[in-house]
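**Q** Below is the file my_file-v7.cif, which contains mmCIF, C-alpha atoms.
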data_coords
loop_
_atom_site.label_atom_id
_atom_site.label_comp_id
_atom_site.auth_asym_id
_atom_site.auth_seq_id
_atom_site.Cartn_x
_atom_site.Cartn_y
_atom_site.Cartn_z
CA MET X 1 -38.75 -4.16 35.65
CA HIS X 2 -37.84 -7.65 34.56
CA GLN X 3 -40.86 -7.76 32.26
CA LYS X 4 -40.00 -4.43 30.72
CA GLU X 5 -36.50 -5.61 29.95
CA GLN X 6 -37.82 -8.72 28.31
CA LEU X 7 -40.26 -6.72 26.24
CA LEU X 8 -37.47 -4.40 25.17
CA LEU X 9 -35.29 -7.32 24.13
CA LYS X 10 -38.16 -8.84 22.20
CA LEU X 11 -38.87 -5.58 20.39
CA GLN X 12 -35.23 -5.13 19.60
CA TYR X 13 -35.10 -8.65 18.19
CA GLN X 14 -38.22 -8.12 16.07
CA ASN X 15 -36.88 -4.85 14.80
CA GLU X 16 -33.66 -6.49 13.71
CA GLN X 17 -35.60 -9.27 12.02
CA LEU X 18 -37.69 -6.76 10.13
CA ASN X 19 -34.60 -4.89 9.04
CA ASP X 20 -32.91 -8.10 7.90
CA TYR X 21 -36.06 -9.03 6.05
CA ALA X 22 -36.24 -5.73 4.14
CA HIS X 23 -32.59 -6.11 3.35
CA LEU X 24 -32.88 -9.67 2.10
CA VAL X 25 -36.00 -9.09 0.01
CA SER X 26 -34.48 -6.01 -1.59
CA HIS X 27 -31.34 -7.91 -2.53
CA ASP X 28 -33.34 -10.75 -4.06
CA LEU X 29 -35.49 -8.34 -6.01
CA LYS X 30 -32.41 -6.51 -7.16
CA SER X 31 -30.99 -9.58 -8.85
CA SER X 32 -34.34 -10.36 -10.48
CA ILE X 33 -34.42 -6.85 -11.85
CA ARG X 34 -30.95 -7.35 -13.28
CA SER X 35 -32.20 -10.40 -15.15
CA LEU X 36 -35.25 -8.57 -16.51
CA SER X 37 -33.11 -5.69 -17.65
CA ALA X 38 -30.72 -7.99 -19.52
CA LEU X 39 -33.53 -9.93 -21.22
CA LEU X 40 -35.17 -6.68 -22.30
CA SER X 41 -31.98 -5.33 -23.80
CA TRP X 42 -31.47 -8.58 -25.74
CA ILE X 43 -34.98 -8.43 -27.19
CA LYS X 44 -34.28 -4.88 -28.31
CA GLU X 45 -30.93 -5.88 -29.75
CA ASP X 46 -32.07 -9.10 -31.44
CA CYS X 47 -35.55 -8.17 -32.69
CA GLY X 48 -35.69 -4.37 -32.64
CA GLU X 49 -36.27 -4.18 -36.40
CA LYS X 50 -38.82 -6.98 -36.48
CA ILE X 51 -41.12 -5.66 -33.75
CA GLY X 52 -41.26 -2.09 -34.96
CA GLU X 53 -40.83 1.35 -33.52
CA GLU X 54 -43.86 1.38 -31.26
CA SER X 55 -42.93 -1.84 -29.50
CA VAL X 56 -39.35 -0.69 -29.09
CA GLY X 57 -40.80 2.47 -27.51
CA ASN X 58 -42.77 0.31 -25.08
CA LEU X 59 -39.68 -1.70 -24.25
CA ASN X 60 -37.89 1.57 -23.53
CA LEU X 61 -40.68 2.55 -21.13
CA MET X 62 -40.28 -0.82 -19.41
CA GLU X 63 -36.58 -0.16 -19.09
CA GLU X 64 -37.26 3.19 -17.43
CA LYS X 65 -39.59 1.52 -14.93
CA ILE X 66 -36.95 -1.07 -14.19
CA ASP X 67 -34.43 1.73 -13.60
CA LYS X 68 -36.75 3.31 -11.10
CA MET X 69 -37.43 0.02 -9.30
CA ASP X 70 -33.71 -0.49 -8.99
CA LYS X 71 -33.25 2.97 -7.50
CA PHE X 72 -36.08 2.22 -5.07
CA LEU X 73 -34.50 -1.00 -3.88
CA GLU X 74 -31.13 0.66 -3.50
CA ASP X 75 -32.75 3.28 -1.27
CA ILE X 76 -34.59 0.68 0.81
CA ILE X 77 -31.33 -1.20 1.29
CA ASN X 78 -29.59 2.01 2.32
CA TYR X 79 -32.38 2.92 4.70
CA SER X 80 -32.51 -0.50 6.34
CA GLU X 81 -28.74 -0.53 6.80
CA ILE X 82 -28.71 2.67 8.83
CA GLY X 83 -28.61 1.77 12.47
CA ALA X 84 -28.21 -1.93 11.71
CA THR X 85 -24.45 -1.62 11.58
CA SER X 86 -22.49 0.28 14.17
CA LEU X 87 -21.32 3.77 13.32
CA LYS X 88 -17.69 4.25 12.47
CA SER X 89 -15.78 7.23 13.73
CA ASN X 90 -13.79 8.64 10.83
CA THR X 91 -12.11 12.03 10.92
CA ILE X 92 -13.65 13.91 8.03
CA ASP X 93 -12.50 17.15 6.45
CA LEU X 94 -15.84 18.36 5.14
CA ASN X 95 -14.23 20.79 2.70
CA LYS X 96 -12.70 17.89 0.79
CA LYS X 97 -15.64 15.58 1.39
CA VAL X 98 -18.28 17.98 0.09
CA VAL X 99 -16.27 18.81 -3.04
CA LYS X 100 -15.99 15.07 -3.72
CA ILE X 101 -19.73 14.61 -3.25
CA ILE X 102 -20.51 17.49 -5.60
CA GLU X 103 -18.20 15.98 -8.22
CA SER X 104 -20.02 12.66 -7.99
CA ILE X 105 -23.44 14.17 -8.69
CA HIS X 106 -24.73 14.81 -12.17
CA ILE X 107 -25.28 18.55 -12.27
CA PRO X 108 -26.89 20.21 -15.33
CA LYS X 109 -24.93 23.13 -16.84
CA ASN X 110 -27.44 25.77 -15.75
CA ILE X 111 -27.06 24.92 -12.07
CA SER X 112 -24.09 25.76 -9.89
CA VAL X 113 -23.36 24.30 -6.49
CA VAL X 114 -21.12 26.44 -4.26
CA VAL X 115 -19.69 26.12 -0.78
CA ASN X 116 -19.76 29.32 1.25
CA GLY X 117 -16.96 29.72 3.76
CA ASN X 118 -14.88 27.10 5.46
CA LEU X 119 -16.45 23.79 6.50
CA PRO X 120 -15.31 22.07 9.71
CA VAL X 121 -13.41 18.85 10.33
CA LEU X 122 -15.49 16.45 12.37
CA LYS X 123 -15.65 12.89 13.58
CA ALA X 124 -18.48 10.82 12.12
CA ASP X 125 -19.23 7.79 9.98
CA ALA X 126 -18.02 8.85 6.52
CA ARG X 127 -20.60 6.83 4.57
CA ARG X 128 -23.50 8.07 6.64
CA LEU X 129 -22.40 11.67 6.53
CA ARG X 130 -22.03 11.43 2.78
CA GLN X 131 -25.63 10.22 2.51
CA VAL X 132 -26.82 13.31 4.38
CA PHE X 133 -25.01 15.84 2.19
CA GLN X 134 -25.47 13.86 -1.00
CA ASN X 135 -29.23 13.43 -0.69
CA LEU X 136 -29.83 17.06 0.25
CA ILE X 137 -27.65 18.37 -2.60
CA ILE X 138 -29.22 15.95 -5.10
CA ASN X 139 -32.69 17.16 -4.12
CA ALA X 140 -31.67 20.80 -4.45
CA VAL X 141 -30.21 20.11 -7.90
CA ASN X 142 -32.86 17.73 -9.27
CA PHE X 143 -35.89 19.74 -8.24
CA ASN X 144 -34.43 23.05 -9.37
CA ASN X 145 -36.63 24.66 -12.01
CA LYS X 146 -34.85 27.98 -12.57
CA GLU X 147 -32.99 29.09 -15.68
CA VAL X 148 -29.97 29.84 -13.54
CA GLY X 149 -30.00 27.43 -10.63
CA LEU X 150 -27.98 28.05 -7.50
CA VAL X 151 -27.33 25.70 -4.59
CA GLU X 152 -25.35 27.07 -1.64
CA ILE X 153 -23.83 25.07 1.18
CA GLY X 154 -22.96 26.83 4.41
CA VAL X 155 -22.27 26.28 8.08
CA GLU X 156 -22.56 28.12 11.36
CA GLU X 157 -20.77 27.05 14.49
CA ALA X 158 -22.30 27.09 17.97
CA ASP X 159 -20.68 25.94 21.25
CA ASP X 160 -21.93 22.36 21.10
CA PHE X 161 -22.95 21.82 17.51
CA PHE X 162 -22.66 22.85 13.87
CA THR X 163 -25.66 24.03 11.88
CA PHE X 164 -25.28 23.25 8.19
CA SER X 165 -27.47 24.73 5.50
CA ILE X 166 -28.24 23.69 1.93
CA LYS X 167 -29.97 26.56 0.17
CA ASP X 168 -31.54 26.44 -3.29
CA ASN X 169 -33.50 28.79 -5.53
CA GLY X 170 -35.83 26.00 -6.70
CA PRO X 171 -39.62 25.71 -6.63
CA GLY X 172 -39.95 25.92 -2.84
CA ILE X 173 -42.04 23.66 -0.62
CA PRO X 174 -45.50 24.64 0.71
CA LYS X 175 -45.70 24.83 4.51
CA GLU X 176 -48.11 21.88 4.81
CA TYR X 177 -45.43 19.52 3.50
CA HIS X 178 -42.60 20.62 5.75
CA GLU X 179 -43.02 17.69 8.15
CA LYS X 180 -44.42 15.15 5.73
CA ILE X 181 -41.45 15.16 3.35
CA PHE X 182 -39.30 13.41 5.95
CA ASN X 183 -41.60 10.38 5.98
CA THR X 184 -40.59 7.33 3.98
CA PHE X 185 -41.88 7.13 0.39
CA THR X 186 -43.17 10.70 0.44
CA THR X 187 -42.24 12.64 -2.63
CA LEU X 188 -43.68 15.89 -3.91
CA GLY X 189 -43.58 14.24 -7.29
CA TYR X 190 -42.17 17.02 -9.45
CA GLN X 191 -39.45 14.63 -10.47
CA GLU X 192 -39.68 11.30 -12.23
CA LYS X 193 -36.47 10.18 -10.55
CA SER X 194 -37.48 10.58 -6.92
CA THR X 195 -38.27 7.59 -4.75
CA GLY X 196 -39.35 9.41 -1.62
CA MET X 197 -36.56 7.84 0.41
CA GLY X 198 -33.83 10.47 0.25
CA LEU X 199 -34.95 12.71 3.10
CA SER X 200 -36.00 9.77 5.31
CA ILE X 201 -32.46 8.44 4.98
CA VAL X 202 -31.10 11.88 5.91
CA LYS X 203 -33.39 12.10 8.92
CA ARG X 204 -32.58 8.61 10.10
CA VAL X 205 -28.84 9.28 9.98
CA LEU X 206 -29.22 12.58 11.82
CA ASP X 207 -31.39 10.89 14.48
CA LEU X 208 -28.51 8.52 15.19
CA TYR X 209 -26.24 11.50 15.85
CA GLY X 210 -28.82 13.40 17.84
CA GLY X 211 -28.98 16.07 15.15
CA GLU X 212 -32.05 17.90 13.94
CA ILE X 213 -33.33 18.91 10.54
CA TRP X 214 -35.82 21.56 9.45
CA LEU X 215 -36.44 23.86 6.54
CA GLU X 216 -37.43 27.36 5.59
CA SER X 217 -39.05 27.81 2.25
CA GLU X 218 -40.97 30.22 0.10
CA VAL X 219 -42.98 28.79 -2.78
CA SER X 220 -41.39 29.61 -6.17
CA LYS X 221 -38.39 31.35 -4.49
CA GLY X 222 -36.52 28.38 -3.00
CA SER X 223 -35.85 26.33 0.11
CA THR X 224 -33.15 26.13 2.74
CA PHE X 225 -32.64 22.89 4.63
CA TYR X 226 -30.88 23.25 7.98
CA PHE X 227 -29.45 20.40 10.00
CA THR X 228 -27.37 20.17 13.14
CA ILE X 229 -24.62 17.79 14.11
CA PRO X 230 -23.52 17.84 17.76
CA LYS X 231 -19.77 18.21 18.27
CA LYS X 232 -19.64 15.40 20.77
CA MET B 1 1.34 -12.25 -23.89
CA ARG B 2 -2.41 -12.46 -23.90
CA LYS B 3 -3.67 -15.95 -23.21
CA SER B 4 -7.04 -17.58 -23.06
CA LEU B 5 -8.25 -18.43 -19.59
CA ASN B 6 -9.81 -21.38 -17.84
CA ILE B 7 -12.60 -19.80 -15.83
CA LEU B 8 -14.75 -21.42 -13.19
CA LEU B 9 -18.06 -19.55 -13.03
CA VAL B 10 -19.92 -20.25 -9.80
CA GLU B 11 -23.44 -18.96 -10.31
CA ASP B 12 -26.88 -20.43 -9.64
CA ASP B 13 -29.04 -18.11 -11.70
CA MET B 14 -29.74 -19.27 -15.24
CA ILE B 15 -30.11 -15.78 -16.68
CA GLU B 16 -26.89 -14.65 -15.04
CA ILE B 17 -25.15 -17.55 -16.77
CA MET B 18 -26.75 -16.50 -20.06
CA LYS B 19 -25.54 -12.92 -19.49
CA PHE B 20 -22.03 -14.16 -18.91
CA ASN B 21 -21.99 -16.45 -21.93
CA ARG B 22 -23.44 -13.79 -24.20
CA THR B 23 -20.71 -11.41 -23.08
CA ILE B 24 -17.97 -14.00 -23.59
CA SER B 25 -19.22 -14.97 -27.04
CA LYS B 26 -18.56 -11.44 -28.28
CA LEU B 27 -14.99 -11.25 -27.04
CA ALA B 28 -12.01 -11.56 -29.38
CA CYS B 29 -10.24 -13.89 -26.98
CA HIS B 30 -11.67 -17.36 -26.51
CA HIS B 31 -11.96 -18.53 -22.91
CA ASN B 32 -12.86 -21.93 -21.55
CA ILE B 33 -15.79 -21.70 -19.13
CA ILE B 34 -16.66 -24.27 -16.48
CA GLU B 35 -20.06 -23.70 -14.89
CA ALA B 36 -20.98 -24.66 -11.33
CA LYS B 37 -24.45 -24.02 -9.91
CA ASN B 38 -23.35 -23.52 -6.31
CA GLY B 39 -20.41 -23.75 -3.94
CA GLU B 40 -20.83 -27.49 -3.52
CA GLU B 41 -20.66 -28.21 -7.24
CA ALA B 42 -17.67 -25.89 -7.56
CA LEU B 43 -15.78 -27.62 -4.73
CA ASP B 44 -16.62 -30.97 -6.23
CA PHE B 45 -15.05 -29.87 -9.49
CA LEU B 46 -11.95 -28.44 -7.78
CA TYR B 47 -11.37 -31.55 -5.67
CA LYS B 48 -11.80 -33.96 -8.57
CA ASN B 49 -9.81 -32.23 -11.28
CA GLU B 50 -6.08 -32.28 -11.65
CA SER B 51 -5.89 -29.01 -13.52
CA LEU B 52 -7.27 -26.06 -11.70
CA PRO B 53 -8.95 -23.02 -13.28
CA ASP B 54 -6.92 -19.82 -13.74
CA LEU B 55 -9.70 -17.70 -12.34
CA ILE B 56 -12.86 -18.15 -10.30
CA LEU B 57 -15.83 -15.83 -10.79
CA LEU B 58 -18.02 -16.18 -7.73
CA ASP B 59 -21.57 -15.18 -6.95
CA LEU B 60 -22.33 -14.68 -3.24
CA ASN B 61 -26.01 -15.52 -2.96
CA MET B 62 -26.34 -19.23 -3.68
CA PRO B 63 -28.07 -22.27 -2.22
CA LYS B 64 -26.22 -24.99 -0.26
CA ILE B 65 -22.69 -23.62 0.13
CA ASN B 66 -22.89 -19.86 -0.47
CA GLY B 67 -20.18 -17.67 -1.93
CA LEU B 68 -18.62 -16.58 1.36
CA GLU B 69 -18.48 -20.15 2.71
CA PHE B 70 -16.97 -21.34 -0.55
CA LEU B 71 -14.37 -18.57 -0.44
CA SER B 72 -13.41 -19.38 3.11
CA ILE B 73 -13.00 -23.07 2.24
CA ILE B 74 -10.70 -22.49 -0.73
CA ARG B 75 -8.66 -19.83 1.06
CA ASN B 76 -7.94 -22.37 3.80
CA ASN B 77 -6.98 -25.11 1.39
CA ASP B 78 -3.25 -25.23 0.53
CA HIS B 79 -3.91 -26.62 -2.91
CA LEU B 80 -6.66 -24.17 -3.88
CA LYS B 81 -5.72 -20.97 -2.14
CA TYR B 82 -3.73 -19.54 -5.05
CA ILE B 83 -6.65 -19.33 -7.45
CA PRO B 84 -7.58 -15.68 -7.89
CA THR B 85 -11.24 -15.19 -7.13
CA VAL B 86 -13.35 -12.29 -8.30
CA ILE B 87 -16.73 -11.72 -6.67
CA LEU B 88 -19.66 -11.06 -9.00
CA THR B 89 -22.67 -9.97 -7.06
CA SER B 90 -25.62 -7.61 -6.98
CA SER B 91 -24.91 -6.76 -3.36
CA ASN B 92 -22.72 -3.85 -2.35
CA ASP B 93 -23.48 -4.69 1.26
CA HIS B 94 -20.70 -3.23 3.35
CA LYS B 95 -20.30 -6.38 5.43
CA ASP B 96 -20.05 -8.61 2.35
CA VAL B 97 -17.40 -6.36 0.84
CA SER B 98 -15.28 -6.32 3.98
CA ASP B 99 -15.77 -10.05 4.74
CA CYS B 100 -14.65 -10.98 1.23
CA HIS B 101 -11.62 -8.73 1.32
CA GLN B 102 -10.66 -10.13 4.68
CA LEU B 103 -10.75 -13.68 3.32
CA GLY B 104 -8.76 -12.56 0.27
CA ILE B 105 -10.20 -11.80 -3.15
CA ALA B 106 -8.83 -10.59 -6.46
CA GLY B 107 -11.74 -8.24 -7.09
CA TYR B 108 -15.27 -7.36 -6.07
CA LEU B 109 -17.64 -6.50 -8.87
CA VAL B 110 -21.12 -5.20 -8.21
CA LYS B 111 -23.15 -6.15 -11.25
CA PRO B 112 -24.48 -3.01 -12.92
CA LEU B 113 -28.17 -2.85 -13.81
CA LYS B 114 -27.68 -2.41 -17.56
CA PHE B 115 -26.43 -5.34 -19.58
CA VAL B 116 -24.07 -3.15 -21.66
CA ASP B 117 -22.41 -1.93 -18.46
CA TYR B 118 -22.25 -5.49 -17.13
CA SER B 119 -20.61 -6.69 -20.36
CA GLU B 120 -18.10 -3.88 -20.23
CA SER B 121 -17.03 -4.70 -16.68
CA ILE B 122 -16.71 -8.45 -17.37
CA LYS B 123 -14.66 -7.66 -20.46
CA THR B 124 -12.37 -5.40 -18.47
CA VAL B 125 -11.82 -8.02 -15.76
CA LEU B 126 -11.03 -10.78 -18.25
CA ASP B 127 -8.78 -8.47 -20.29
CA TYR B 128 -6.75 -7.85 -17.17
CA TRP B 129 -6.42 -11.49 -16.16
CA CYS B 130 -5.42 -12.45 -19.73
CA PHE B 131 -2.08 -10.79 -19.11
CA ASN B 132 -1.36 -12.40 -15.74
CA GLU B 133 1.01 -15.13 -14.71
CA PHE B 134 -0.61 -17.86 -12.60
CA VAL B 135 0.67 -20.40 -10.10
CA GLU B 136 0.68 -23.65 -12.05
CA ALA B 137 -1.37 -26.30 -10.40
#
Represent the structure of the file as structure tokens.
**A**
Amino acid sequence: MHQKEQLLLKLQYQNEQLNDYAHLVSHDLKSSIRSLSALLSWIKEDCGEKIGEESVGNLNLMEEKIDKMDKFLEDIINYSEIGATSLKSNTIDLNKKVVKIIESIHIPKNISVVVNGNLPVLKADARRLRQVFQNLIINAVNFNNKEVGLVEIGVEEADDFFTFSIKDNGPGIPKEYHEKIFNTFTTLGYQEKSTGMGLSIVKRVLDLYGGEIWLESEVSKGSTFYFTIPKK
Amino acid sequence: MRKSLNILLVEDDMIEIMKFNRTISKLACHHNIIEAKNGEEALDFLYKNESLPDLILLDLNMPKINGLEFLSIIRNNDHLKYIPTVILTSSNDHKDVSDCHQLGIAGYLVKPLKFVDYSESIKTVLDYWCFNEFVEA
């Protein structure tokens, strides 16, 4: 028993170290990327005419890559922070919260995001809960390939938990990927912007709350992501 | 009345200093910049000089005395505690944000990725402080 406890402590310590490490490295890389981005923009500004259109085009491609790296690092930082800091217990009116999240997302004109029915008030860590809704809604919006896109948010209440749903009429996800997509760095790659971290962050947050996540999907018709959050 | 500012920039990264200077050089208002490479150099300057800066712009990640340590030292010093200090960092780490606010800061700026956005936010901060009254040292 004593040995087990020691092993547990050691593992816990190593886990924390690993988390800290990911965090630290990501922050360092983030500032390097900021420097690169600035230097690039100065070259474009100072010598754009001298180096010609093609080179400016290449610099633009570099800038896009830098953008993506930055997004990546941000996601790694977010992921490594989950569980590292203790969860707060904020009282959250999801009706207001979800509207705020929708407003903060860039949504193309052909896509509408609607909330069906009344969402509950619950106690959770506001930042973490935002990550769950935000990442699922962003996915539903970004991957949508229909002329008229529709994303619907709903909820059903059971005795002990809420089941939320985010439903889209996007490209759908083949059955063989239904588990895989929750792994870190897995993306189905339809989208240049995706880092493959969004759903892993969602899953990690839900794990902390003892919630579950799954999906139903039909290829080319759309997907519905369901997740539960226990009431207590 | 808009006035020009004496600014102490505490930053260890050469390119970050270049970014700042490039931004400043394009402003209508001329500011006087004092550069310090880390918290130690900055403290050295503050202890030795009779006239204090109007504003401190502070990076958090630095060698020797880091930004948080520096902040805690000046906030506990009766002579230096009035200098408004704005954090300039690439970290939006929740703990950093709350630690800094607890010690007392005049702003917390997370440096945007794009230089144009960075310039815009620096310009906005300096524009604001240009119109402020300061405790005379």
**Q** With a cut-off of 8 Å, could you pull out the residues of chain X touching chain B and give me the nearest pair of atoms for each, distance in Å to one decimal, using all atoms listed in the file, ordered by chain and ascending number, as CSV?
**A**
residue,atom,partner,partner_atom,distance
X:His27,CA,B:Ser91,CA,6.6
X:Lys30,CA,B:Ser90,CA,6.9
X:Ser31,CA,B:Ser90,CA,6.0
X:Ile33,CA,B:Leu113,CA,7.7
X:Arg34,CA,B:Leu113,CA,5.3
X:Ser35,CA,B:Ile15,CA,6.0
X:Ser37,CA,B:Lys114,CA,6.3
X:Ala38,CA,B:Phe115,CA,5.0
X:Ser41,CA,B:Phe115,CA,7.0
X:Asp67,CA,B:Leu113,CA,7.8
X:Asp70,CA,B:Leu113,CA,7.7
**Q** For the structure provided, state which residues fall under the PyMOL selection byres ((chain X and resi 197-199) around 10), and present them as a count of residues only.
**A** 31
**Q** Quick one: residues within 12 Å of Lys26 of chain B, only C-alpha atoms, excluding same-chain residues fewer than 5 positions away - as a count of residues only?
**A** 9
**Q** List as a list in words the protein and nucleic acid residues near segment 67-79 of chain B, meaning an atom at most 6 Å away when all atoms listed in the file are counted, but skip any in the same chain fewer than 3 places from it.
**A**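 That gives Gly39, Asp59 and Leu60 of chain B.
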**Q** Quick one: pull the distance between atom CA of Val114 of chain X and atom CA of Glu152 of chain X, Å, one decimal.
**A**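 Interatomic distance, atom CA of Val114 of chain X to atom CA of Glu152 of chain X: 5.0 Å.
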**Q** Could you work out how far atom CA of Leu215 of chain X lies from atom CA of Asp159 of chain X, giving the answer in Å with one decimal?
**A** 21.7 Å
**Q** Mind telling me what the PyMOL selection byres ((chain X and resi 224) around 6) catches here, as an mmCIF file with C-alpha atoms, keeping the file's coordinate frame?
**A**
data_model
loop_
_atom_site.group_PDB
_atom_site.id
_atom_site.type_symbol
_atom_site.label_atom_id
_atom_site.label_comp_id
_atom_site.auth_asym_id
_atom_site.auth_seq_id
_atom_site.Cartn_x
_atom_site.Cartn_y
_atom_site.Cartn_z
ATOM 1 C CA ILE X 166 -28.240 23.690 1.930
ATOM 2 C CA LYS X 167 -29.970 26.560 0.170
ATOM 3 C CA LEU X 215 -36.440 23.860 6.540
ATOM 4 C CA GLU X 216 -37.430 27.360 5.590
ATOM 5 C CA SER X 223 -35.850 26.330 0.110
ATOM 6 C CA PHE X 225 -32.640 22.890 4.630
#
**Q** For each of B:Glu41, B:Glu35, B:Asp54, B:Glu133, take the minimum atom-to-atom distance to Val86 of chain B, counting only C-alpha atoms, then give the residue where this is smallest.
**A**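 The answer is B:Asp54, which sits nearest to Val86 of chain B.
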**Q** Could you state the separation of atom CA of Val99 of chain X and atom CA of Gly107 of chain B in Å, given to one decimal place?
**A**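 So the answer is 27.7 Å.
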**Q** Counting all atoms listed in the file, write as a PyMOL selection string all protein and nucleic acid residues lying at most 10 Å from (-22.6, 9.1, 11.1) in the file's frame.
**A** chain X and resi 82-83+86-90+123-132+205-209+229
**Q** Which is closer to Asp93 of chain X than all the others in X:Leu119, X:Ile105, X:Ile111, X:Val148, using all atoms listed in the file?
**A**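 Ranked by minimum distance to Asp93 of chain X, first place goes to X:Leu119.
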**Q** Could you list, as a list in words, every residue matched by the PyMOL selection byres ((chain X and resi 227) around 8) in this structure?
**A**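 That expression, the PyMOL selection byres ((chain X and resi 227) around 8), corresponds here to Thr163, Phe164, Ser165, Gly211, Glu212, Ile213, Trp214, Phe225, Tyr226, Thr228 and Ile229 of chain X.
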**Q** Please dump the current selection as a PDB file, in the frame of the given file; keep C-alpha atoms.
**A**
ATOM      1  CA  THR X 163     -25.660  24.030  11.880  1.00  0.00           C
ATOM      2  CA  PHE X 164     -25.280  23.250   8.190  1.00  0.00           C
ATOM      3  CA  SER X 165     -27.470  24.730   5.500  1.00  0.00           C
ATOM      4  CA  GLY X 211     -28.980  16.070  15.150  1.00  0.00           C
ATOM      5  CA  GLU X 212     -32.050  17.900  13.940  1.00  0.00           C
ATOM      6  CA  ILE X 213     -33.330  18.910  10.540  1.00  0.00           C
ATOM      7  CA  TRP X 214     -35.820  21.560   9.450  1.00  0.00           C
ATOM      8  CA  PHE X 225     -32.640  22.890   4.630  1.00  0.00           C
ATOM      9  CA  TYR X 226     -30.880  23.250   7.980  1.00  0.00           C
ATOM     10  CA  THR X 228     -27.370  20.170  13.140  1.00  0.00           C
ATOM     11  CA  ILE X 229     -24.620  17.790  14.110  1.00  0.00           C
TER      12      ILE X 229
END
**Q** Which is closer to Leu109 of chain B than all the others in B:Leu80, B:Val135, B:Ile56, B:Leu88, using all atoms listed in the file?
**A**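 Of B:Leu80, B:Val135, B:Ile56, B:Leu88, the one nearest Leu109 of chain B is B:Leu88, counting all atoms listed in the file.
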**Q** Can you tell me which residues surround segment 9-23 of chain X at a distance of at most 7 Å, considering all atoms listed in the file, apart from same-chain residues fewer than 3 positions away, and format the answer as an MDAnalysis selection string?
**A** chainID X and resid 5:6 26:27 77 80
**Q** Return the padded bounding box of segment 129-133 of chain X as JSON: axis-aligned, built from all atoms listed in the file, 4 Å added on each side, with centre and edge lengths in Å to one decimal.
**A**
{"center_x": -24.4, "center_y": 13.0, "center_z": 4.4, "size_x": 12.8, "size_y": 13.6, "size_z": 12.3}
**Q** Between B:Ile65, B:Ile24, B:Ile87, B:Phe134, which residue has the minimum interatomic distance to Asp99 of chain B, considering all atoms listed in the file?
**A**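 Result for the nearest residue to Asp99 of chain B: B:Ile87.
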